[in-house]
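S.K.: Just so it is clear, I am handing over work.txt, which has compact mmCIF, C-alpha atoms and all ligand atoms.
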# COMPACT_ATOMS: atom_id res chain seq x y z
CA MET A 1 0.00 0.00 0.00
CA ILE A 2 1.61 3.28 -1.18
CA ARG A 3 1.17 6.18 1.28
CA LYS A 4 3.47 8.93 -0.05
CA ILE A 5 3.96 9.84 -3.69
CA GLY A 6 6.14 12.44 -5.37
CA VAL A 7 5.13 14.27 -8.55
CA MET A 8 7.35 16.29 -10.83
CA THR A 9 7.49 17.90 -14.25
CA SER A 10 10.70 17.63 -16.24
CA GLY A 11 12.24 18.68 -19.58
CA GLY A 12 10.60 21.33 -21.76
CA ASP A 13 7.37 22.64 -20.26
CA SER A 14 4.14 22.00 -22.14
CA PRO A 15 0.63 23.44 -21.83
CA GLY A 16 -1.48 21.05 -19.77
CA MET A 17 1.28 20.02 -17.36
CA ASN A 18 -0.53 21.93 -14.61
CA ALA A 19 -3.77 20.10 -15.36
CA ALA A 20 -1.85 16.83 -15.02
CA VAL A 21 -0.29 17.87 -11.70
CA ARG A 22 -3.74 18.87 -10.43
CA ALA A 23 -5.20 15.49 -11.39
CA VAL A 24 -2.34 13.56 -9.77
CA VAL A 25 -2.50 15.56 -6.52
CA ARG A 26 -6.27 15.39 -6.18
CA THR A 27 -6.57 11.70 -7.10
CA ALA A 28 -3.83 10.74 -4.65
CA ILE A 29 -5.45 12.78 -1.86
CA TYR A 30 -8.84 11.25 -2.66
CA PHE A 31 -7.34 7.79 -2.12
CA GLY A 32 -5.75 8.82 1.17
CA MET A 33 -2.16 9.29 -0.01
CA GLU A 34 0.18 12.13 0.86
CA VAL A 35 1.58 14.00 -2.14
CA TYR A 36 4.92 15.77 -2.43
CA GLY A 37 5.74 18.18 -5.23
CA ILE A 38 9.30 17.91 -6.55
CA ARG A 39 10.36 21.26 -8.03
CA ARG A 40 12.53 21.58 -11.18
CA GLY A 41 12.36 17.92 -12.20
CA TYR A 42 15.34 15.66 -11.56
CA GLN A 43 17.47 18.64 -10.53
CA GLY A 44 15.07 19.46 -7.71
CA MET A 45 15.01 15.77 -6.77
CA ILE A 46 18.81 15.82 -6.41
CA GLU A 47 18.68 19.01 -4.33
CA GLY A 48 15.76 17.88 -2.18
CA ASP A 49 13.53 20.70 -3.41
CA ILE A 50 10.47 18.77 -2.29
CA TYR A 51 7.34 20.05 -0.49
CA PRO A 52 4.02 18.65 0.67
CA MET A 53 1.01 19.50 -1.50
CA GLN A 54 -2.63 19.86 -0.54
CA ALA A 55 -5.72 19.82 -2.77
CA LYS A 56 -5.96 23.63 -2.58
CA ASP A 57 -2.38 24.01 -3.89
CA VAL A 58 -3.64 22.95 -7.29
CA SER A 59 -6.72 25.20 -7.35
CA ASN A 60 -7.08 27.50 -10.33
CA ILE A 61 -4.24 25.96 -12.36
CA ILE A 62 -6.08 23.68 -14.82
CA GLN A 63 -6.25 26.57 -17.31
CA ARG A 64 -2.69 27.82 -16.85
CA GLY A 65 0.24 27.12 -19.16
CA GLY A 66 3.73 26.35 -17.86
CA THR A 67 4.13 24.29 -14.70
CA ILE A 68 3.73 25.38 -11.09
CA LEU A 69 6.31 22.73 -10.17
CA LYS A 70 8.82 24.38 -12.50
CA THR A 71 10.99 22.25 -14.74
CA ALA A 72 14.59 21.73 -15.80
CA ARG A 73 16.84 19.60 -17.96
CA SER A 74 19.28 18.17 -15.41
CA LYS A 75 22.80 17.27 -16.57
CA GLU A 76 23.71 16.12 -13.06
CA PHE A 77 21.01 13.43 -13.13
CA MET A 78 22.86 11.82 -16.03
CA THR A 79 25.73 10.96 -13.66
CA ASP A 80 25.85 8.09 -11.15
CA GLU A 81 26.46 10.53 -8.29
CA GLY A 82 23.47 12.63 -9.32
CA ILE A 83 21.20 9.61 -9.39
CA ALA A 84 22.49 8.43 -6.00
CA LYS A 85 21.79 11.87 -4.50
CA ALA A 86 18.29 11.88 -5.97
CA TYR A 87 17.52 8.46 -4.53
CA ARG A 88 18.80 9.52 -1.10
CA GLN A 89 16.50 12.55 -1.15
CA LEU A 90 13.50 10.39 -2.00
CA GLN A 91 14.30 8.10 0.89
CA GLU A 92 14.82 11.00 3.31
CA HIS A 93 11.41 12.39 2.39
CA GLY A 94 9.82 8.96 2.68
CA ILE A 95 8.59 9.04 -0.92
CA GLU A 96 7.43 5.57 -1.93
CA ALA A 97 6.34 6.15 -5.54
CA LEU A 98 6.71 8.71 -8.31
CA VAL A 99 4.67 10.28 -11.08
CA LEU A 100 7.01 11.72 -13.73
CA ILE A 101 5.53 14.16 -16.23
CA GLY A 102 7.74 14.89 -19.21
CA GLY A 103 9.02 13.80 -22.58
CA ASP A 104 11.75 11.74 -24.14
CA GLY A 105 14.56 13.01 -21.85
CA THR A 106 12.46 12.41 -18.73
CA PHE A 107 11.84 8.77 -19.58
CA ARG A 108 15.44 8.19 -20.67
CA GLY A 109 16.45 9.56 -17.27
CA ALA A 110 13.97 7.20 -15.61
CA VAL A 111 15.37 4.19 -17.48
CA LYS A 112 18.87 5.05 -16.23
CA PHE A 113 17.62 5.60 -12.66
CA PHE A 114 15.87 2.21 -12.56
CA GLU A 115 19.00 0.39 -13.73
CA THR A 116 20.25 0.96 -10.17
CA TYR A 117 17.33 1.89 -7.91
CA THR A 118 13.81 0.61 -7.52
CA ILE A 119 10.80 2.70 -6.67
CA PRO A 120 7.36 2.40 -8.29
CA ALA A 121 6.98 5.05 -10.98
CA ILE A 122 4.42 6.00 -13.62
CA GLY A 123 5.18 8.44 -16.44
CA LEU A 124 2.85 10.88 -18.16
CA PRO A 125 3.67 12.11 -21.68
CA GLY A 126 4.14 15.88 -21.30
CA THR A 127 5.76 17.37 -24.38
CA ILE A 128 4.68 19.54 -27.29
CA ASP A 129 6.68 17.33 -29.66
CA LYS A 130 4.42 14.22 -29.60
CA ASP A 131 7.52 12.09 -30.10
CA LEU A 132 6.71 9.21 -27.74
CA ALA A 133 5.49 5.74 -28.56
CA GLY A 134 2.49 4.35 -26.65
CA THR A 135 0.16 7.31 -26.91
CA ASP A 136 -1.78 8.95 -29.72
CA TYR A 137 -1.30 12.40 -28.19
CA THR A 138 1.01 14.01 -25.67
CA ILE A 139 0.01 16.69 -23.19
CA GLY A 140 0.69 20.07 -24.83
CA PHE A 141 0.82 18.98 -28.45
CA ASP A 142 -2.70 20.11 -29.33
CA THR A 143 -2.16 23.54 -27.78
CA ALA A 144 1.21 23.97 -29.50
CA VAL A 145 -0.25 23.09 -32.90
CA ASN A 146 -3.14 25.50 -32.37
CA THR A 147 -0.68 28.25 -31.40
CA ALA A 148 1.33 27.60 -34.56
CA VAL A 149 -1.84 27.57 -36.67
CA GLU A 150 -2.97 30.92 -35.28
CA ALA A 151 0.45 32.43 -35.98
CA ILE A 152 0.72 31.02 -39.52
CA ASP A 153 -2.81 32.23 -40.37
CA LYS A 154 -1.70 35.73 -39.40
CA ILE A 155 1.47 35.41 -41.44
CA ARG A 156 -0.61 34.32 -44.43
CA ASP A 157 -2.54 37.59 -44.27
CA THR A 158 0.71 39.48 -44.82
CA ALA A 159 1.90 36.95 -47.41
CA GLU A 160 -1.35 37.49 -49.36
CA SER A 161 -1.26 41.27 -49.05
CA HIS A 162 2.34 41.55 -50.26
CA ASP A 163 2.54 38.53 -52.60
CA ARG A 164 5.35 37.09 -50.52
CA LEU A 165 7.00 33.80 -49.84
CA PHE A 166 7.19 33.08 -46.12
CA ILE A 167 9.29 30.43 -44.47
CA VAL A 168 7.85 29.62 -41.05
CA GLU A 169 9.95 27.60 -38.63
CA VAL A 170 8.10 25.71 -35.93
CA MET A 171 9.47 23.70 -33.01
CA GLY A 172 10.55 20.08 -33.25
CA ARG A 173 14.21 19.18 -32.93
CA ASP A 174 13.66 15.54 -33.81
CA ALA A 175 9.96 15.39 -34.58
CA GLY A 176 7.91 16.97 -37.33
CA TYR A 177 4.39 16.55 -35.93
CA ILE A 178 3.89 20.24 -35.18
CA ALA A 179 5.17 21.17 -38.64
CA LEU A 180 3.06 18.53 -40.38
CA ASN A 181 -0.19 19.31 -38.60
CA SER A 182 0.10 23.09 -38.54
CA GLY A 183 1.21 23.03 -42.16
CA ILE A 184 -1.78 20.96 -43.28
CA ALA A 185 -4.18 23.07 -41.21
CA CYS A 186 -2.85 26.31 -42.73
CA GLY A 187 -2.73 25.09 -46.32
CA ALA A 188 1.07 25.34 -46.54
CA GLU A 189 2.59 24.96 -50.00
CA ASP A 190 5.37 22.78 -48.56
CA ILE A 191 6.24 21.16 -45.24
CA LEU A 192 9.75 20.05 -44.32
CA LEU A 193 10.28 17.53 -41.55
CA PRO A 194 13.18 15.84 -39.74
CA GLU A 195 11.65 12.41 -40.46
CA THR A 196 11.93 12.70 -44.22
CA TYR A 197 14.88 13.57 -46.45
CA THR A 198 14.62 17.12 -47.73
CA ASP A 199 15.84 17.45 -51.30
CA ILE A 200 16.43 21.19 -51.49
CA ASP A 201 16.51 21.18 -55.30
CA GLU A 202 13.04 19.64 -55.36
CA VAL A 203 11.79 22.24 -52.88
CA LEU A 204 13.14 25.05 -55.06
CA GLU A 205 11.74 23.38 -58.17
CA ARG A 206 8.27 23.33 -56.60
CA ILE A 207 8.51 27.04 -55.83
CA ASP A 208 9.58 27.66 -59.41
CA MET A 209 6.64 25.66 -60.76
CA ASP A 210 4.26 27.63 -58.55
CA GLU A 211 5.77 30.86 -59.85
CA ARG A 212 5.25 29.72 -63.43
CA ARG A 213 1.65 28.95 -62.59
CA LYS A 214 1.36 32.52 -61.31
CA LYS A 215 0.95 31.46 -57.74
CA THR A 216 2.09 34.52 -55.86
CA VAL A 217 1.90 33.36 -52.26
CA HIS A 218 3.94 30.54 -50.73
CA ILE A 219 4.03 29.34 -47.17
CA LEU A 220 6.77 26.85 -46.36
CA VAL A 221 6.55 25.32 -42.91
CA VAL A 222 9.80 23.84 -41.66
CA ALA A 223 10.49 21.98 -38.42
CA GLU A 224 13.54 23.38 -36.60
CA GLY A 225 15.24 19.98 -36.82
CA ASP A 226 14.74 19.39 -40.55
CA ASP A 227 17.71 17.52 -42.01
CA PHE A 228 18.43 20.33 -44.50
CA GLY A 229 18.28 23.03 -41.83
CA GLY A 230 15.91 25.60 -40.38
CA ALA A 231 14.37 28.79 -41.71
CA ASP A 232 17.69 30.66 -42.03
CA ASP A 233 19.32 27.94 -44.14
CA LEU A 234 16.28 27.68 -46.38
CA MET A 235 16.10 31.43 -46.76
CA LYS A 236 19.67 31.54 -48.08
CA LYS A 237 18.90 28.95 -50.76
CA VAL A 238 15.62 30.60 -51.78
CA LYS A 239 17.29 34.01 -52.08
CA GLU A 240 20.14 32.56 -54.14
CA ARG A 241 17.77 30.90 -56.58
CA PHE A 242 15.07 33.62 -56.68
CA PRO A 243 16.87 36.91 -55.97
CA GLY A 244 13.89 39.00 -57.09
CA MET A 245 11.33 37.24 -54.91
CA ASP A 246 9.88 39.06 -51.89
CA THR A 247 10.78 36.60 -49.15
CA ARG A 248 10.63 36.62 -45.34
CA ALA A 249 11.32 34.12 -42.58
CA ALA A 250 9.54 33.82 -39.23
CA ILE A 251 10.73 31.61 -36.37
CA LEU A 252 7.82 30.96 -34.02
CA GLY A 253 9.98 29.61 -31.17
CA HIS A 254 8.82 29.39 -27.60
CA ILE A 255 5.39 30.94 -28.09
CA GLN A 256 4.49 27.33 -28.98
CA ARG A 257 5.41 26.09 -25.52
CA GLY A 258 3.27 28.47 -23.47
CA GLY A 259 -0.29 29.64 -23.17
CA THR A 260 -3.65 28.39 -22.03
CA PRO A 261 -4.02 24.67 -22.76
CA THR A 262 -6.80 23.70 -25.15
CA TYR A 263 -9.71 21.65 -23.83
CA ALA A 264 -8.16 18.57 -25.48
CA ASP A 265 -4.92 18.96 -23.53
CA ARG A 266 -6.78 19.59 -20.27
CA VAL A 267 -8.92 16.47 -20.71
CA LEU A 268 -5.93 14.35 -21.73
CA ALA A 269 -3.90 15.60 -18.76
CA SER A 270 -6.79 15.01 -16.34
CA ARG A 271 -7.43 11.48 -17.61
CA LEU A 272 -3.77 10.51 -17.50
CA GLY A 273 -3.11 12.15 -14.13
CA TYR A 274 -6.03 10.22 -12.63
CA ALA A 275 -4.92 7.00 -14.37
CA SER A 276 -1.35 7.34 -13.07
CA VAL A 277 -2.44 7.15 -9.43
CA LEU A 278 -4.79 4.23 -10.12
CA ALA A 279 -1.91 2.50 -11.89
CA LEU A 280 0.32 2.92 -8.84
CA LYS A 281 -2.45 1.50 -6.65
CA GLU A 282 -2.70 -1.49 -9.00
CA GLY A 283 1.02 -2.13 -8.60
CA ARG A 284 2.14 -0.99 -12.04
CA THR A 285 5.59 0.54 -12.40
CA GLN A 286 8.08 1.92 -14.91
CA VAL A 287 5.40 2.47 -17.49
CA MET A 288 4.10 5.57 -19.24
CA ALA A 289 0.33 6.04 -19.24
CA GLY A 290 -0.96 7.06 -22.64
CA ILE A 291 -4.18 7.05 -24.61
CA VAL A 292 -4.45 4.88 -27.70
CA ASN A 293 -7.74 4.78 -29.60
CA GLY A 294 -9.48 6.47 -26.69
CA GLU A 295 -8.35 3.93 -24.07
CA VAL A 296 -5.70 4.35 -21.38
CA THR A 297 -2.69 2.13 -22.07
CA TYR A 298 0.67 1.55 -20.36
CA THR A 299 3.98 1.36 -22.17
CA PRO A 300 7.34 0.56 -20.55
CA PHE A 301 9.58 3.65 -20.38
CA SER A 302 12.17 1.90 -22.52
CA GLN A 303 9.57 1.39 -25.28
CA ALA A 304 7.99 4.85 -24.98
CA VAL A 305 11.25 6.54 -25.97
CA LYS A 306 11.78 4.34 -29.03
CA GLU A 307 11.57 6.00 -32.42
CA ASN A 308 7.94 5.84 -33.42
CA SER A 309 7.31 8.03 -36.42
CA THR A 310 3.74 7.74 -37.61
CA ILE A 311 4.23 10.29 -40.36
CA SER A 312 3.04 8.62 -43.51
CA LYS A 313 4.08 9.34 -47.05
CA ASP A 314 0.37 9.68 -47.93
CA MET A 315 0.11 12.78 -45.78
CA LEU A 316 3.05 14.38 -47.55
CA ASP A 317 1.63 13.46 -50.96
CA MET A 318 -1.67 15.00 -49.89
CA ILE A 319 -0.01 18.34 -49.08
CA ARG A 320 1.37 18.61 -52.60
CA VAL A 321 -2.04 17.81 -54.09
CA LEU A 322 -3.90 20.27 -51.89
CA ALA A 323 -1.41 23.04 -52.65
CA VAL A 324 -1.90 22.72 -56.42
O1 LIG B 1 11.03 19.23 -26.51
C1 LIG B 1 10.27 20.36 -26.67
C2 LIG B 1 11.06 21.44 -27.38
O2 LIG B 1 10.26 22.59 -27.46
C3 LIG B 1 11.59 21.07 -28.77
O3 LIG B 1 10.61 21.14 -29.78
C4 LIG B 1 12.69 22.08 -28.91
O4 LIG B 1 13.65 21.66 -29.83
C5 LIG B 1 13.26 22.16 -27.53
O5 LIG B 1 12.22 21.77 -26.66
C6 LIG B 1 13.78 23.50 -27.12
O6 LIG B 1 14.29 23.41 -25.83
P1 LIG B 1 14.74 24.64 -24.93
O7 LIG B 1 13.49 25.34 -24.43
O8 LIG B 1 15.50 24.03 -23.82
O9 LIG B 1 15.53 25.55 -25.81
As structure tokens, what does this structure read like?
M.R.:
Amino acid sequence: MIRKIGVMTSGGDSPGMNAAVRAVVRTAIYFGMEVYGIRRGYQGMIEGDIYPMQAKDVSNIIQRGGTILKTARSKEFMTDEGIAKAYRQLQEHGIEALVLIGGDGTFRGAVKFFETYTIPAIGLPGTIDKDLAGTDYTIGFDTAVNTAVEAIDKIRDTAESHDRLFIVEVMGRDAGYIALNSGIACGAEDILLPETYTDIDEVLERIDMDERRKKTVHILVVAEGDDFGGADDLMKKVKERFPGMDTRAAILGHIQRGGTPTYADRVLASRLGYASVLALKEGRTQVMAGIVNGEVTYTPFSQAVKENSTISKDMLDMIRVLAV
């Protein structure tokens, strides 16, 4: 019977993390557990930045972006000494189980931790990148895509008014889901992703064809981690090939990580936060709770971080057709 659990957010923040923390805290309290908040992810765990949480501590946060627990990417946790310190702190605080909310780095950290130490732990997928296996959506992805869509729609107004080509860079160091989905939703002429090889000559050729067809507006959405490069690299090539073209680049950056979570992210976070505590009660451990086809599922941390690109060639073909 678990009496004390710790909850933390780790890695890049994502909208909906607060809703997840709220659900974890309230579900645990409902079932008679004590809950401790661990500030700044693994770094706070190492430093013992741990405090008791009550139901009222998570009032009025379901609608707030960011994370009240704060977050960090801890280099120290990647060392054996760091992990040992973190484990000692958990023991000193009497924490018997963990809920870890984060992305790829968080679960990689967890895998390393559990090579040496054992404590029941459930993960929740909190990342705008949607780059985890074992869940159809991650907490924050929907909000981030909607933020990108709103921004690109605005950019299109200017592109239309000035007959311009715009290169819009969205987030995604290793994953192109934000680029793909925002690009489709905004009717982008081209979308460049880390998951697929970008042939720059083909990209330029498509722009040229559009020009010949008297298409005067182009929106190219590129993920920051595209294999060819980001907006600046693309801009150089476009300017070289089309020196007379009115061209601008916009890098959306961290606006995609903040803001009020959409209803979809709040519901996802609430469902998974609730499920994580039930999972601990059922004796599950070292698994990430996710939702696949509407049902809660559990995937081992080591599997959740495995490359799982669901970007299909059909989608990319569709973009070209719809941009005709
Ligand atoms: O993992 C989420 C993410 O926003 C990536 O898309 C991006 O590459 C990275 O984090 C940026 O991290 P930071 O905020 O540490 O610069």
S.K.: What is the distance between atom CA of A:Lys215 and atom CA of A:Val238, in Å to one decimal?
M.R.: 15.9 Å
S.K.: Taking 5 positions as the minimum chain separation for residues in the same chain, which residues sit within 7 Å of A:Ala223 when counting all atoms listed in the file? Answer as a VMD selection string.
M.R.: chain A and resid 169 to 172 176 179 192 to 194 230
S.K.: May I have the residues within 9 Å of ligand LIG 1 (chain B), computed using only C-alpha atoms and all ligand atoms, as a short mmCIF file (atom, residue, chain, number, x, y, z; two decimals) with C-alpha atoms, in the coordinates of the input?
M.R.:
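Generated output (selection_28.cif):
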data_model
loop_
_atom_site.label_atom_id
_atom_site.label_comp_id
_atom_site.auth_asym_id
_atom_site.auth_seq_id
_atom_site.Cartn_x
_atom_site.Cartn_y
_atom_site.Cartn_z
CA GLY A 11 12.24 18.68 -19.58
CA GLY A 12 10.60 21.33 -21.76
CA ASP A 13 7.37 22.64 -20.26
CA SER A 14 4.14 22.00 -22.14
CA ALA A 72 14.59 21.73 -15.80
CA ARG A 73 16.84 19.60 -17.96
CA GLY A 103 9.02 13.80 -22.58
CA ASP A 104 11.75 11.74 -24.14
CA GLY A 105 14.56 13.01 -21.85
CA THR A 127 5.76 17.37 -24.38
CA ILE A 128 4.68 19.54 -27.29
CA ASP A 129 6.68 17.33 -29.66
CA LYS A 130 4.42 14.22 -29.60
CA ASP A 131 7.52 12.09 -30.10
CA VAL A 170 8.10 25.71 -35.93
CA MET A 171 9.47 23.70 -33.01
CA GLY A 172 10.55 20.08 -33.25
CA ARG A 173 14.21 19.18 -32.93
CA ASP A 174 13.66 15.54 -33.81
CA ALA A 175 9.96 15.39 -34.58
CA ILE A 178 3.89 20.24 -35.18
CA ALA A 223 10.49 21.98 -38.42
CA GLU A 224 13.54 23.38 -36.60
CA GLY A 225 15.24 19.98 -36.82
CA GLY A 253 9.98 29.61 -31.17
CA HIS A 254 8.82 29.39 -27.60
CA GLN A 256 4.49 27.33 -28.98
CA ARG A 257 5.41 26.09 -25.52
#
S.K.: Determine, counting all atoms listed in the file, which protein, DNA and RNA residues have an atom within 8 Å of an atom of A:Val292; residues of the same chain fewer than 2 positions away are not included. Present the result as a ChimeraX atom specification.
M.R.: /A:134-136,290,294-297
S.K.: In Å, rounded to a single decimal, give me how far atom CA of A:Ile311 is from atom CA of A:Leu165.
M.R.: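 Those two atoms sit 25.5 Å apart.
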S.K.: Do you know which residues are at most 6 Å from stretch 120-123 of chain A counting only C-alpha atoms, after dropping those on the same chain fewer than 4 positions away, and could you put them as a list of chain:residue names?
M.R.: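 That gives A:Ala97, A:Leu98, A:Val99, A:Leu100, A:Ile101, A:Ser276, A:Thr285, A:Gln286, A:Val287, A:Met288.
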S.K.: Go ahead and save the picked residues with C-alpha atoms, as a PDB file, keeping the file's coordinate frame.
M.R.:
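In the end it all went to result-v1.pdb:
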ATOM      1  CA  ALA A  97       6.340   6.150  -5.540  1.00  0.00           C
ATOM      2  CA  LEU A  98       6.710   8.710  -8.310  1.00  0.00           C
ATOM      3  CA  VAL A  99       4.670  10.280 -11.080  1.00  0.00           C
ATOM      4  CA  LEU A 100       7.010  11.720 -13.730  1.00  0.00           C
ATOM      5  CA  ILE A 101       5.530  14.160 -16.230  1.00  0.00           C
ATOM      6  CA  SER A 276      -1.350   7.340 -13.070  1.00  0.00           C
ATOM      7  CA  THR A 285       5.590   0.540 -12.400  1.00  0.00           C
ATOM      8  CA  GLN A 286       8.080   1.920 -14.910  1.00  0.00           C
ATOM      9  CA  VAL A 287       5.400   2.470 -17.490  1.00  0.00           C
ATOM     10  CA  MET A 288       4.100   5.570 -19.240  1.00  0.00           C
TER      11      MET A 288
END
S.K.: Within 9 Å of A:Gly41, counting only C-alpha atoms, which residues qualify if same-chain residues fewer than 4 places away don't, as a PDB file with C-alpha atoms, in the coordinates of the input?
M.R.:
ATOM      1  CA  VAL A   7       5.130  14.270  -8.550  1.00  0.00           C
ATOM      2  CA  MET A   8       7.350  16.290 -10.830  1.00  0.00           C
ATOM      3  CA  THR A   9       7.490  17.900 -14.250  1.00  0.00           C
ATOM      4  CA  SER A  10      10.700  17.630 -16.240  1.00  0.00           C
ATOM      5  CA  GLY A  11      12.240  18.680 -19.580  1.00  0.00           C
ATOM      6  CA  MET A  45      15.010  15.770  -6.770  1.00  0.00           C
ATOM      7  CA  ILE A  46      18.810  15.820  -6.410  1.00  0.00           C
ATOM      8  CA  LEU A  69       6.310  22.730 -10.170  1.00  0.00           C
ATOM      9  CA  LYS A  70       8.820  24.380 -12.500  1.00  0.00           C
ATOM     10  CA  THR A  71      10.990  22.250 -14.740  1.00  0.00           C
ATOM     11  CA  ALA A  72      14.590  21.730 -15.800  1.00  0.00           C
ATOM     12  CA  ARG A  73      16.840  19.600 -17.960  1.00  0.00           C
ATOM     13  CA  SER A  74      19.280  18.170 -15.410  1.00  0.00           C
ATOM     14  CA  LEU A 100       7.010  11.720 -13.730  1.00  0.00           C
ATOM     15  CA  ILE A 101       5.530  14.160 -16.230  1.00  0.00           C
ATOM     16  CA  GLY A 102       7.740  14.890 -19.210  1.00  0.00           C
ATOM     17  CA  THR A 106      12.460  12.410 -18.730  1.00  0.00           C
TER      18      THR A 106
END
S.K.: My list of candidates is A:Leu252, A:Ile119, A:Ala289, A:Leu220. Which is closest to A:Ile2 when distances are computed with all atoms listed in the file?
M.R.: A:Ile119
S.K.: I'd like the interatomic distance between atom CA of A:Lys56 and atom CA of A:Ala20, to a tenth of an Å.
M.R.: 14.8 Å
S.K.: Nearest to A:Met53 among A:Asp246, A:Asp163, A:Glu34, A:Glu150, with distances taken over all atoms listed in the file: which residue is it?
M.R.: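 Using all atoms listed in the file, the shortest distance to A:Met53 belongs to A:Glu34.
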S.K.: For A:Leu90, work out the shell of residues within 12 Å, counting all atoms listed in the file and skipping chain neighbours fewer than 6 positions away, then give it as a PyMOL selection string.
M.R.: chain A and resi 4-7+36-38+42+44-51+83-84+96-98+117-120
S.K.: I'd like to know which of A:Ala55, A:Met245, A:Ile255, A:Leu322 is closest to A:Asp208, using all atoms listed in the file.
M.R.: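 Closest to A:Asp208 of all the choices is A:Met245.
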S.K.: Hey, which of A:Thr79, A:Asn293, A:Asn181, A:Thr247 ends up closest to A:Met315? Count all atoms listed in the file.
M.R.: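 Of all the options, A:Asn181 lies closest to A:Met315.
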S.K.: Which one of A:Met318, A:Ala279, A:Ile200, A:Leu234 sits closest to A:Thr299 if you count all atoms listed in the file?
M.R.: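 Checking each of A:Met318, A:Ala279, A:Ile200, A:Leu234 against A:Thr299, counting all atoms listed in the file, the winner is A:Ala279.
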S.K.: Give the padded box for stretch 96-107 of chain A as JSON: axis-aligned, covering all atoms listed in the file, 6 Å on each side, centre and edge lengths in Å to one decimal.
M.R.:
{"center_x": 9.6, "center_y": 10.2, "center_z": -13.0, "size_x": 21.9, "size_y": 21.3, "size_z": 34.2}
S.K.: Using all atoms listed in the file, which of the listed residues (A:Ile62, A:Ala133, A:Ala110, A:Ile95) sits closest to A:Phe77?
M.R.: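 Of all the options, A:Ala110 lies closest to A:Phe77.
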